[in-house]
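Listing of final-v2.cif; format and content: mmCIF, C-alpha atoms.
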```cif
data_input
#
loop_
_atom_site.label_atom_id
_atom_site.label_comp_id
_atom_site.auth_asym_id
_atom_site.auth_seq_id
_atom_site.Cartn_x
_atom_site.Cartn_y
_atom_site.Cartn_z
CA MET A 1153 0.00 0.00 0.00
CA SER A 1154 1.36 3.31 -1.01
CA LYS A 1155 2.14 5.69 1.73
CA ARG A 1156 2.47 8.51 -0.72
CA ASN A 1157 0.23 11.30 0.26
CA VAL A 1158 -0.82 13.55 -2.53
CA SER A 1159 -0.92 17.12 -1.48
CA ARG A 1160 -3.91 19.23 -2.35
CA ARG A 1161 -1.81 21.19 -4.81
CA GLN A 1162 -0.63 18.08 -6.57
CA PHE A 1163 -4.14 16.69 -6.70
CA LEU A 1164 -5.44 19.88 -8.29
CA ASN A 1165 -2.56 19.78 -10.74
CA TYR A 1166 -3.33 16.27 -11.86
CA THR A 1167 -7.03 16.98 -12.23
CA LEU A 1168 -6.57 20.12 -14.25
CA THR A 1169 -4.02 18.48 -16.50
CA GLY A 1170 -6.40 15.62 -17.08
CA VAL A 1171 -9.27 17.88 -17.94
CA GLY A 1172 -7.05 20.10 -20.05
CA GLY A 1173 -5.79 17.10 -21.95
CA PHE A 1174 -9.29 15.90 -22.49
CA MET A 1175 -10.36 19.30 -23.81
CA ALA A 1176 -7.37 19.53 -26.10
CA ALA A 1177 -8.13 16.13 -27.55
CA GLY A 1178 -11.69 17.20 -28.09
CA MET A 1179 -10.52 20.19 -30.11
CA LEU A 1180 -8.05 18.20 -32.14
CA MET A 1181 -10.40 15.38 -33.07
CA PRO A 1182 -12.33 17.11 -35.86
CA MET A 1183 -9.08 18.45 -37.30
CA ILE A 1184 -7.52 15.01 -37.36
CA ARG A 1185 -10.60 13.61 -39.03
CA PHE A 1186 -10.33 16.37 -41.61
CA ALA A 1187 -6.72 15.52 -42.37
CA ILE A 1188 -7.31 11.80 -42.59
CA ASP A 1189 -10.49 11.80 -44.60
CA PRO A 1190 -11.16 14.89 -46.66
CA ALA A 1191 -14.34 13.27 -47.91
CA LEU A 1192 -15.83 13.71 -44.45
CA ALA A 1193 -15.10 17.42 -44.45
CA ALA A 1194 -16.48 17.78 -47.95
CA ASP A 1195 -19.71 16.14 -46.94
CA THR A 1196 -21.46 19.43 -46.38
CA GLY A 1197 -24.01 19.00 -49.16
CA SER A 1198 -21.68 19.87 -52.02
CA ASN A 1199 -21.81 16.42 -53.63
CA PHE A 1200 -23.08 17.81 -56.89
CA ILE A 1201 -21.00 17.49 -60.03
CA ALA A 1202 -20.95 20.28 -62.60
CA THR A 1203 -21.95 19.52 -66.17
CA LYS A 1204 -21.46 21.57 -69.30
CA GLN A 1205 -25.20 21.70 -69.83
CA LYS A 1206 -26.86 25.12 -69.75
CA VAL A 1207 -30.24 24.83 -68.09
CA ALA A 1208 -31.77 27.23 -70.60
CA ASP A 1209 -30.90 24.82 -73.42
CA ILE A 1210 -32.69 21.86 -71.87
CA THR A 1211 -35.85 20.97 -73.78
CA THR A 1212 -38.69 18.52 -73.24
CA GLU A 1213 -36.78 16.04 -75.41
CA PRO A 1214 -34.36 13.82 -73.45
CA THR A 1215 -30.73 14.50 -74.34
CA ARG A 1216 -27.51 12.98 -73.08
CA VAL A 1217 -25.54 14.97 -70.54
CA ASP A 1218 -22.08 13.78 -69.57
CA PHE A 1219 -20.31 14.36 -66.26
CA THR A 1220 -16.95 13.24 -64.88
CA PHE A 1221 -16.20 11.90 -61.41
CA THR A 1222 -13.69 9.71 -59.61
CA GLU A 1223 -14.52 6.06 -59.45
CA VAL A 1224 -12.90 3.07 -57.82
CA ASP A 1225 -12.90 -0.11 -59.88
CA GLY A 1226 -11.07 -3.01 -58.33
CA TRP A 1227 -7.51 -1.84 -57.78
CA TYR A 1228 -7.85 1.30 -59.81
CA GLU A 1229 -9.13 4.75 -58.99
CA SER A 1230 -9.79 6.73 -62.10
CA ASP A 1231 -11.81 9.52 -63.58
CA ALA A 1232 -14.94 8.12 -65.09
CA THR A 1233 -17.46 9.83 -67.27
CA ASN A 1234 -21.08 8.99 -66.88
CA THR A 1235 -24.21 10.04 -68.71
CA ALA A 1236 -27.68 11.13 -67.71
CA TRP A 1237 -30.78 11.52 -69.86
CA VAL A 1238 -31.94 15.06 -69.15
CA TYR A 1239 -35.13 16.88 -70.10
CA LYS A 1240 -37.60 19.46 -68.78
CA GLN A 1241 -41.13 18.52 -67.82
CA LYS A 1242 -44.00 20.69 -68.96
CA ASP A 1243 -43.98 22.39 -65.56
CA GLY A 1244 -40.32 23.31 -66.05
CA LYS A 1245 -38.96 20.77 -63.58
CA ILE A 1246 -35.69 19.19 -64.67
CA VAL A 1247 -35.50 15.42 -64.80
CA ALA A 1248 -32.17 13.58 -65.01
CA LEU A 1249 -32.53 9.84 -65.46
CA SER A 1250 -29.85 7.20 -65.13
CA PRO A 1251 -29.31 5.39 -68.44
CA VAL A 1252 -28.56 2.12 -66.67
CA CYS A 1253 -31.18 -0.53 -67.35
CA LYS A 1254 -32.63 -2.01 -64.17
CA HIS A 1255 -32.60 -5.48 -65.67
CA LEU A 1256 -28.89 -6.25 -66.01
CA GLY A 1257 -27.16 -2.90 -66.38
CA CYS A 1258 -27.00 -2.15 -70.10
CA THR A 1259 -27.30 1.43 -71.35
CA VAL A 1260 -30.74 2.50 -72.52
CA ASP A 1261 -31.31 4.69 -75.54
CA TRP A 1262 -34.05 7.30 -75.93
CA SER A 1263 -36.15 6.55 -78.97
CA GLY A 1264 -33.94 3.55 -79.68
CA ASP A 1265 -36.84 1.45 -80.89
CA LYS A 1266 -38.52 2.87 -83.97
CA GLN A 1267 -41.81 1.28 -82.98
CA HIS A 1268 -41.77 3.09 -79.64
CA PRO A 1269 -40.15 6.48 -80.30
CA ASP A 1270 -41.41 7.97 -77.03
CA GLN A 1271 -39.73 5.41 -74.84
CA PHE A 1272 -36.30 4.45 -73.63
CA PHE A 1273 -35.11 1.21 -75.18
CA CYS A 1274 -32.54 -1.31 -74.01
CA PRO A 1275 -30.85 -3.15 -76.88
CA CYS A 1276 -29.77 -6.10 -74.72
CA HIS A 1277 -33.06 -7.76 -73.84
CA TYR A 1278 -35.50 -5.21 -75.31
CA GLY A 1279 -36.54 -3.60 -72.05
CA ARG A 1280 -38.50 -0.37 -72.36
CA TYR A 1281 -39.27 2.62 -70.15
CA GLU A 1282 -41.68 5.55 -70.42
CA LYS A 1283 -40.22 9.04 -70.60
CA SER A 1284 -40.75 9.32 -66.84
CA GLY A 1285 -38.46 6.36 -66.36
CA LEU A 1286 -41.29 4.01 -65.46
CA ASN A 1287 -40.62 0.52 -66.76
CA VAL A 1288 -42.99 -0.86 -69.38
CA LYS A 1289 -44.76 -3.99 -68.10
CA GLY A 1290 -44.07 -7.15 -70.04
CA THR A 1291 -40.47 -6.14 -70.70
CA PRO A 1292 -37.55 -7.47 -68.61
CA PRO A 1293 -36.85 -4.62 -66.14
CA LEU A 1294 -38.84 -4.85 -62.93
CA GLY A 1295 -38.38 -1.28 -61.77
CA PRO A 1296 -38.08 2.27 -63.11
CA LEU A 1297 -34.84 3.96 -64.16
CA ASP A 1298 -33.03 5.59 -61.25
CA ILE A 1299 -33.09 9.35 -61.03
CA PHE A 1300 -30.31 11.85 -60.27
CA GLU A 1301 -30.74 14.73 -57.88
CA THR A 1302 -30.19 17.96 -59.76
CA LYS A 1303 -29.28 21.50 -58.87
CA VAL A 1304 -29.02 24.68 -60.87
CA LYS A 1305 -26.17 27.11 -60.25
CA ASP A 1306 -25.28 30.06 -62.43
CA GLY A 1307 -27.58 28.70 -65.12
CA MET A 1308 -25.68 25.41 -65.33
CA LEU A 1309 -26.95 21.96 -64.50
CA TYR A 1310 -25.39 20.08 -61.57
CA VAL A 1311 -25.94 16.38 -61.06
CA GLY A 1312 -26.00 14.84 -57.59
CA LYS A 1313 -26.79 11.55 -55.93
CA LEU A 1314 -28.58 8.72 -57.65
CA LYS A 1315 -31.92 7.82 -56.08
CA THR A 1316 -34.70 5.33 -56.68
CA ASN A 1317 -37.28 6.85 -58.98
CA PRO A 1318 -40.40 7.64 -56.92
CA ILE A 1319 -42.59 7.10 -59.96
CA GLY A 1320 -42.49 3.37 -59.38
CA GLY A 1321 -44.43 3.87 -56.18
CA ALA A 1322 -41.31 3.15 -54.10
CA MET B 1140 -19.93 -7.99 -67.86
CA LYS B 1141 -16.26 -7.38 -67.37
CA TRP B 1142 -13.68 -10.08 -66.77
CA ASN B 1143 -13.56 -9.48 -63.02
CA VAL B 1144 -14.77 -11.24 -59.90
CA LYS B 1145 -17.48 -8.75 -59.00
CA ASP B 1146 -19.21 -8.86 -62.37
CA VAL B 1147 -18.93 -12.61 -62.72
CA GLU B 1148 -20.47 -13.12 -59.28
CA MET B 1149 -23.28 -10.77 -60.18
CA PHE B 1150 -24.05 -12.74 -63.25
CA GLU B 1151 -24.05 -16.15 -61.68
CA GLN B 1152 -27.76 -15.64 -61.25
CA ALA B 1153 -28.26 -14.35 -64.74
CA ARG B 1154 -25.99 -16.56 -66.77
CA LYS B 1155 -28.53 -17.35 -69.41
CA TYR B 1156 -28.89 -13.68 -70.33
CA VAL B 1157 -25.21 -13.29 -71.18
CA ASP B 1158 -24.98 -15.09 -74.50
CA THR B 1159 -22.38 -13.01 -76.30
CA ALA B 1160 -18.61 -12.74 -75.92
CA LEU B 1161 -16.72 -9.68 -77.10
CA VAL B 1162 -13.05 -10.36 -77.83
CA PRO B 1163 -10.74 -7.38 -78.47
CA LEU B 1164 -7.88 -8.28 -80.83
CA VAL B 1165 -4.66 -6.31 -80.34
CA PRO B 1166 -1.31 -6.79 -82.10
CA ILE B 1167 2.00 -6.48 -80.30
CA THR B 1168 5.55 -6.01 -81.42
CA PHE B 1169 8.78 -5.15 -79.67
CA ASP B 1170 10.60 -3.36 -82.45
CA GLU B 1171 10.47 0.31 -83.49
CA GLN B 1172 6.70 0.05 -83.92
CA MET B 1173 6.26 -0.69 -80.24
CA GLN B 1174 5.04 2.78 -79.37
CA GLN B 1175 2.35 2.62 -82.03
CA MET B 1176 1.23 -0.76 -80.74
CA ILE B 1177 0.96 0.66 -77.24
CA LEU B 1178 -1.28 3.44 -78.52
CA TRP B 1179 -3.44 0.90 -80.32
CA ASN B 1180 -3.69 -1.07 -77.09
CA ASP B 1181 -4.83 2.01 -75.17
CA PHE B 1182 -7.40 2.84 -77.82
CA MET B 1183 -8.79 -0.67 -77.91
CA SER B 1184 -8.86 -0.97 -74.10
CA ILE B 1185 -10.84 2.21 -73.65
CA LEU B 1186 -13.16 1.47 -76.54
CA SER B 1187 -13.92 -2.06 -75.39
CA MET B 1188 -14.68 -0.82 -71.85
CA GLU B 1189 -17.12 1.68 -73.30
CA VAL B 1190 -18.83 -1.01 -75.37
CA GLU B 1191 -19.01 -3.25 -72.31
CA LYS B 1192 -20.75 -0.49 -70.36
CA MET B 1193 -23.33 -0.18 -73.10
CA PHE B 1194 -24.15 -3.87 -73.32
CA LYS B 1195 -23.16 -4.95 -69.83
CA GLY B 1196 -26.09 -7.26 -69.26
CA ARG B 1197 -25.65 -9.29 -72.39
CA ILE B 1198 -21.97 -9.45 -73.28
CA LEU B 1199 -18.85 -10.76 -71.58
CA LEU B 1200 -15.84 -8.62 -72.40
CA THR B 1201 -13.05 -11.16 -72.50
CA PRO B 1202 -9.42 -10.28 -71.79
CA ILE B 1203 -7.65 -8.87 -74.84
CA PHE B 1204 -6.40 -11.45 -77.33
CA TYR B 1205 -2.83 -10.42 -78.10
CA TYR B 1206 -0.90 -11.72 -81.08
CA VAL B 1207 2.43 -10.86 -82.66
CA LYS B 1208 1.95 -8.43 -85.54
CA GLY B 1209 2.31 -10.25 -88.83
CA ASP B 1210 1.66 -13.69 -87.36
CA ASN B 1211 0.04 -15.71 -90.14
CA ARG B 1212 -1.20 -18.37 -87.76
CA LYS B 1213 -3.04 -16.00 -85.40
CA ALA B 1214 -6.42 -17.25 -86.59
CA ASP B 1215 -5.58 -20.76 -85.37
CA SER B 1216 -4.98 -19.54 -81.83
CA LEU B 1217 -8.08 -17.40 -81.90
CA GLN B 1218 -10.15 -20.31 -83.12
CA ILE B 1219 -9.24 -22.18 -79.92
CA TRP B 1220 -10.73 -19.30 -77.94
CA VAL B 1221 -13.87 -19.37 -80.08
CA LYS B 1222 -14.27 -23.11 -79.63
CA GLU B 1223 -13.99 -22.75 -75.88
CA LEU B 1224 -16.42 -19.82 -75.74
CA LYS B 1225 -19.00 -21.66 -77.79
CA ARG B 1226 -18.53 -24.83 -75.79
CA THR B 1227 -19.65 -23.00 -72.67
CA GLN B 1228 -22.56 -20.62 -72.86
CA PHE B 1229 -21.80 -18.17 -75.63
CA LYS B 1230 -23.98 -18.35 -78.71
CA HIS B 1231 -22.37 -15.32 -80.31
CA VAL B 1232 -18.75 -14.22 -80.50
CA PHE B 1233 -17.88 -10.68 -81.63
CA PHE B 1234 -14.35 -9.53 -82.38
CA LEU B 1235 -13.22 -5.93 -82.09
CA SER B 1236 -10.14 -4.92 -84.03
CA SER B 1237 -8.34 -2.08 -85.80
CA ASP B 1238 -6.06 -4.50 -87.66
CA GLU B 1239 -7.16 -5.06 -91.23
CA SER B 1240 -4.91 -8.09 -91.59
CA TRP B 1241 -7.71 -10.09 -90.01
CA GLU B 1242 -9.78 -9.68 -93.13
CA ARG B 1243 -8.24 -12.80 -94.62
CA ASP B 1244 -9.18 -14.86 -91.60
CA VAL B 1245 -12.73 -13.63 -91.26
CA ARG B 1246 -14.18 -16.54 -93.16
CA ILE B 1247 -12.46 -19.22 -91.10
CA LEU B 1248 -13.59 -17.90 -87.77
CA SER B 1249 -17.20 -18.17 -86.73
CA GLY B 1250 -17.73 -14.77 -85.23
CA LEU B 1251 -18.69 -11.24 -86.16
CA PHE B 1252 -15.73 -9.02 -87.01
CA LEU B 1253 -16.11 -5.38 -86.10
CA PHE B 1254 -13.41 -3.19 -87.60
CA ILE B 1255 -12.97 0.11 -85.86
CA PRO B 1256 -10.19 2.17 -87.42
CA TYR B 1257 -7.67 3.39 -84.89
CA ARG B 1258 -8.05 7.03 -83.92
CA SER B 1259 -5.40 8.89 -82.00
CA ILE B 1260 -6.52 9.90 -78.52
CA GLU B 1261 -3.15 10.94 -77.15
CA HIS B 1262 -3.78 14.65 -77.10
CA GLN B 1263 -7.43 14.70 -76.18
CA ASP B 1264 -8.90 15.39 -72.77
CA LYS B 1265 -11.04 12.87 -70.94
CA GLU B 1266 -14.34 14.24 -72.13
CA GLN B 1267 -13.26 14.31 -75.77
CA VAL B 1268 -12.07 10.73 -75.53
CA HIS B 1269 -15.33 9.74 -73.89
CA GLN B 1270 -17.28 11.42 -76.67
CA LEU B 1271 -15.28 9.64 -79.35
CA MET B 1272 -15.70 6.26 -77.68
CA LYS B 1273 -19.41 6.83 -77.27
CA GLN B 1274 -19.72 7.66 -80.98
CA GLN B 1275 -17.82 4.51 -81.95
CA SER B 1276 -19.95 2.38 -79.61
CA GLN B 1277 -23.14 3.85 -81.07
CA LEU B 1278 -22.05 2.63 -84.50
CA LEU B 1279 -21.81 -0.86 -83.10
CA ILE B 1280 -25.35 -0.95 -81.68
CA ASP B 1281 -26.85 -1.65 -85.09
CA HIS B 1282 -24.49 -4.55 -85.77
CA PHE B 1283 -25.14 -6.11 -82.40
CA THR B 1284 -28.91 -5.82 -82.54
CA LYS B 1285 -29.07 -7.20 -86.07
CA ILE B 1286 -27.23 -10.34 -85.02
CA TRP B 1287 -29.26 -10.70 -81.86
CA LYS B 1288 -32.48 -10.39 -83.76
CA GLY B 1289 -31.25 -13.08 -86.15
CA GLU B 1290 -31.60 -10.82 -89.15
CA VAL B 1291 -28.01 -11.20 -90.23
CA ASP B 1292 -25.80 -14.25 -90.39
CA GLN B 1293 -22.82 -13.49 -88.21
CA ASN B 1294 -20.27 -15.02 -90.57
#
```
Spell out the structure here as structure tokens.
Amino acid sequence: MSKRNVSRRQFLNYTLTGVGGFMAAGMLMPMIRFAIDPALAADTGSNFIATKQKVADITTEPTRVDFTFTEVDGWYESDATNTAWVYKQKDGKIVALSPVCKHLGCTVDWSGDKQHPDQFFCPCHYGRYEKSGLNVKGTPPLGPLDIFETKVKDGMLYVGKLKTNPIGGA
Amino acid sequence: MKWNVKDVEMFEQARKYVDTALVPLVPITFDEQMQQMILWNDFMSILSMEVEKMFKGRILLTPIFYYVKGDNRKADSLQIWVKELKRTQFKHVFFLSSDESWERDVRILSGLFLFIPYRSIEHQDKEQVHQLMKQQSQLLIDHFTKIWKGEVDQN
């Protein structure tokens, strides 16, 4: 058993140091997180990617809009370019659909089937979608095309996260 | 699907839908033409990845089939690949190449040859390259769909 008596001064010293250390760590934590994972710091809602598409030029006819982002594929991290089908609804709302078929991942084409010019068409297994992205019953896909969040800034279109299309009733 | 573990796992459930193999054909040499061959390889790699993205759910993009430039027996080696592909689940085999020397062998091999002339992409930015590759892939859609619909004999 220790016979060391801690004086009041020493006790106060230890306590304050402990608290001080704790406070310092608390202040450093967010900064360390920032240094280690910049993605965390960037996660303040600015996950939108700029496109070269002027919002004023968007019509009611779906057109392809490309955008570039970093993607990880196996061992490689690279810049990838993706595409969205973009158009304006009659009420002016911008719709940006993912071109990836919900069946097995092929790329759908607007007006790709001459017999159904107002639909998206998948050349792989002949899946079709309405302009809204809703899948046509009787064709292979079982759900609607995913939809991108969009934002307008300085008249340019920004594309954000991919979400399930609410039109399917999801 | 690509020739990687993730895609192959994903398609274990959907094997019957993937009935087409896409084989890129790329020449190699180790003499003064080496640099040109490397550029061809880059072009073909990027193009074939773009085509794979377009038809992901129906085609398997095989690893590139390399052969020594000027090899007169290259069709024999390729035919072994074709035999193996057809023995498994692939009804259709498509070849992608910028090398016109394959024209002589087209008749021997039972697959659709798609010649895409090499275009230099060295000095283009990523978006320009993407645009070019998309254009080239679009040209291929018609060929693919015609074969799949059985309208055209693939030989």
Exercise for review: In the coordinates of the file, take the point (-34.1, 4.5, -57.2) and a cut-off of 7 Å; then, counting only C-alpha atoms, name each qualifying protein, DNA or RNA residue as a ChimeraX atom specification.
Suggested key: /A:1298-1299,1314-1317
Exercise answer, chain A residues close to chain B, 6 Å and only C-alpha atoms, as a PDB file with C-alpha atoms, in the coordinates of the input:
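The resulting file, result-v6.pdb, is shown below:
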```
ATOM      1  CA  LEU A1256     -28.890  -6.250 -66.010  1.00  0.00           C
ATOM      2  CA  GLY A1257     -27.160  -2.900 -66.380  1.00  0.00           C
ATOM      3  CA  CYS A1258     -27.000  -2.150 -70.100  1.00  0.00           C
ATOM      4  CA  THR A1259     -27.300   1.430 -71.350  1.00  0.00           C
ATOM      5  CA  CYS A1276     -29.770  -6.100 -74.720  1.00  0.00           C
TER       6      CYS A1276
END
```
Applied to the shown file, which residues does the PyMOL selection byres ((chain A and resi 1291) around 8) return, written as a PDB file with C-alpha atoms, in the coordinates of the input?
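Output (expr.pdb):
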```
ATOM      1  CA  TYR A1278     -35.500  -5.210 -75.310  1.00  0.00           C
ATOM      2  CA  GLY A1279     -36.540  -3.600 -72.050  1.00  0.00           C
ATOM      3  CA  ARG A1280     -38.500  -0.370 -72.360  1.00  0.00           C
ATOM      4  CA  ASN A1287     -40.620   0.520 -66.760  1.00  0.00           C
ATOM      5  CA  VAL A1288     -42.990  -0.860 -69.380  1.00  0.00           C
ATOM      6  CA  LYS A1289     -44.760  -3.990 -68.100  1.00  0.00           C
ATOM      7  CA  GLY A1290     -44.070  -7.150 -70.040  1.00  0.00           C
ATOM      8  CA  PRO A1292     -37.550  -7.470 -68.610  1.00  0.00           C
ATOM      9  CA  PRO A1293     -36.850  -4.620 -66.140  1.00  0.00           C
TER      10      PRO A1293
END
```
Exercise for review: Run the PyMOL selection byres ((chain B and resi 1184) around 12) on the file and write out the hits as a PyMOL selection string.
Suggested key: chain B and resi 1141+1162-1165+1177-1183+1185-1191+1200-1205+1235-1237+1257+1260+1272
Check your understanding: Which is closest to Gln1271 of chain A among A:Ala1208, A:Gly1320, A:Gly1244, A:Glu1213, if we use only C-alpha atoms?
Key ->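 Ranked by minimum distance to Gln1271 of chain A, first place goes to A:Glu1213.
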Exercise for review: Spell out the residues picked by the PyMOL selection byres ((chain A and resi 1231-1237) around 7) here, as a PyMOL selection string.
Suggested key: (chain A and resi 1214-1223+1230+1238-1239+1248-1251) or (chain B and resi 1269)
Check your understanding: In Å, how far is it from atom CA of Glu1282 of chain A to atom CA of Lys1266 of chain A?
Key ->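 The value is 14.2 Å.
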With all atoms of segment 1294-1312 of chain A from the file as input, state the centre and edge lengths in Å to one decimal of the axis-aligned box that has 6 Å extra on each side, as AutoDock Vina command-line options.
```
--center_x -32.1 --center_y 12.6 --center_z -61.5 --size_x 25.6 --size_y 46.9 --size_z 19.7
```
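If you look at atom CA of Ala1160 of chain B and atom CA of Ile1219 of chain B, they are 13.9 Å away from each other.
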Check your understanding: Counting only C-alpha atoms, which of B:Gln1228, B:Ser1276, B:Ser1240, B:Gln1267 gets nearest to Asp1158 of chain B?
Key -> B:Gln1228
Around (-32.8, 0.5, -70.1) in the file's own coordinates, what residues are found within 6 Å if you use all atoms listed in the file, given back as a short mmCIF file (atom, residue, chain, number, x, y, z; two decimals) with C-alpha atoms, keeping the file's coordinate frame?
```
data_model
loop_
_atom_site.label_atom_id
_atom_site.label_comp_id
_atom_site.auth_asym_id
_atom_site.auth_seq_id
_atom_site.Cartn_x
_atom_site.Cartn_y
_atom_site.Cartn_z
CA VAL A 1252 -28.56 2.12 -66.67
CA CYS A 1253 -31.18 -0.53 -67.35
CA THR A 1259 -27.30 1.43 -71.35
CA VAL A 1260 -30.74 2.50 -72.52
CA PHE A 1273 -35.11 1.21 -75.18
CA CYS A 1274 -32.54 -1.31 -74.01
CA GLY A 1279 -36.54 -3.60 -72.05
#
```
Review point. Of the residues A:Ile1319, A:Ser1263, A:Met1308, A:His1255, which is the one nearest to Leu1294 of chain A, using all atoms listed in the file?
Key: A:His1255
Practice item. In Å, rounded to a single decimal, give me how far atom CA of Pro1166 of chain B is from atom CA of Asp1215 of chain B. Key: 15.0 Å
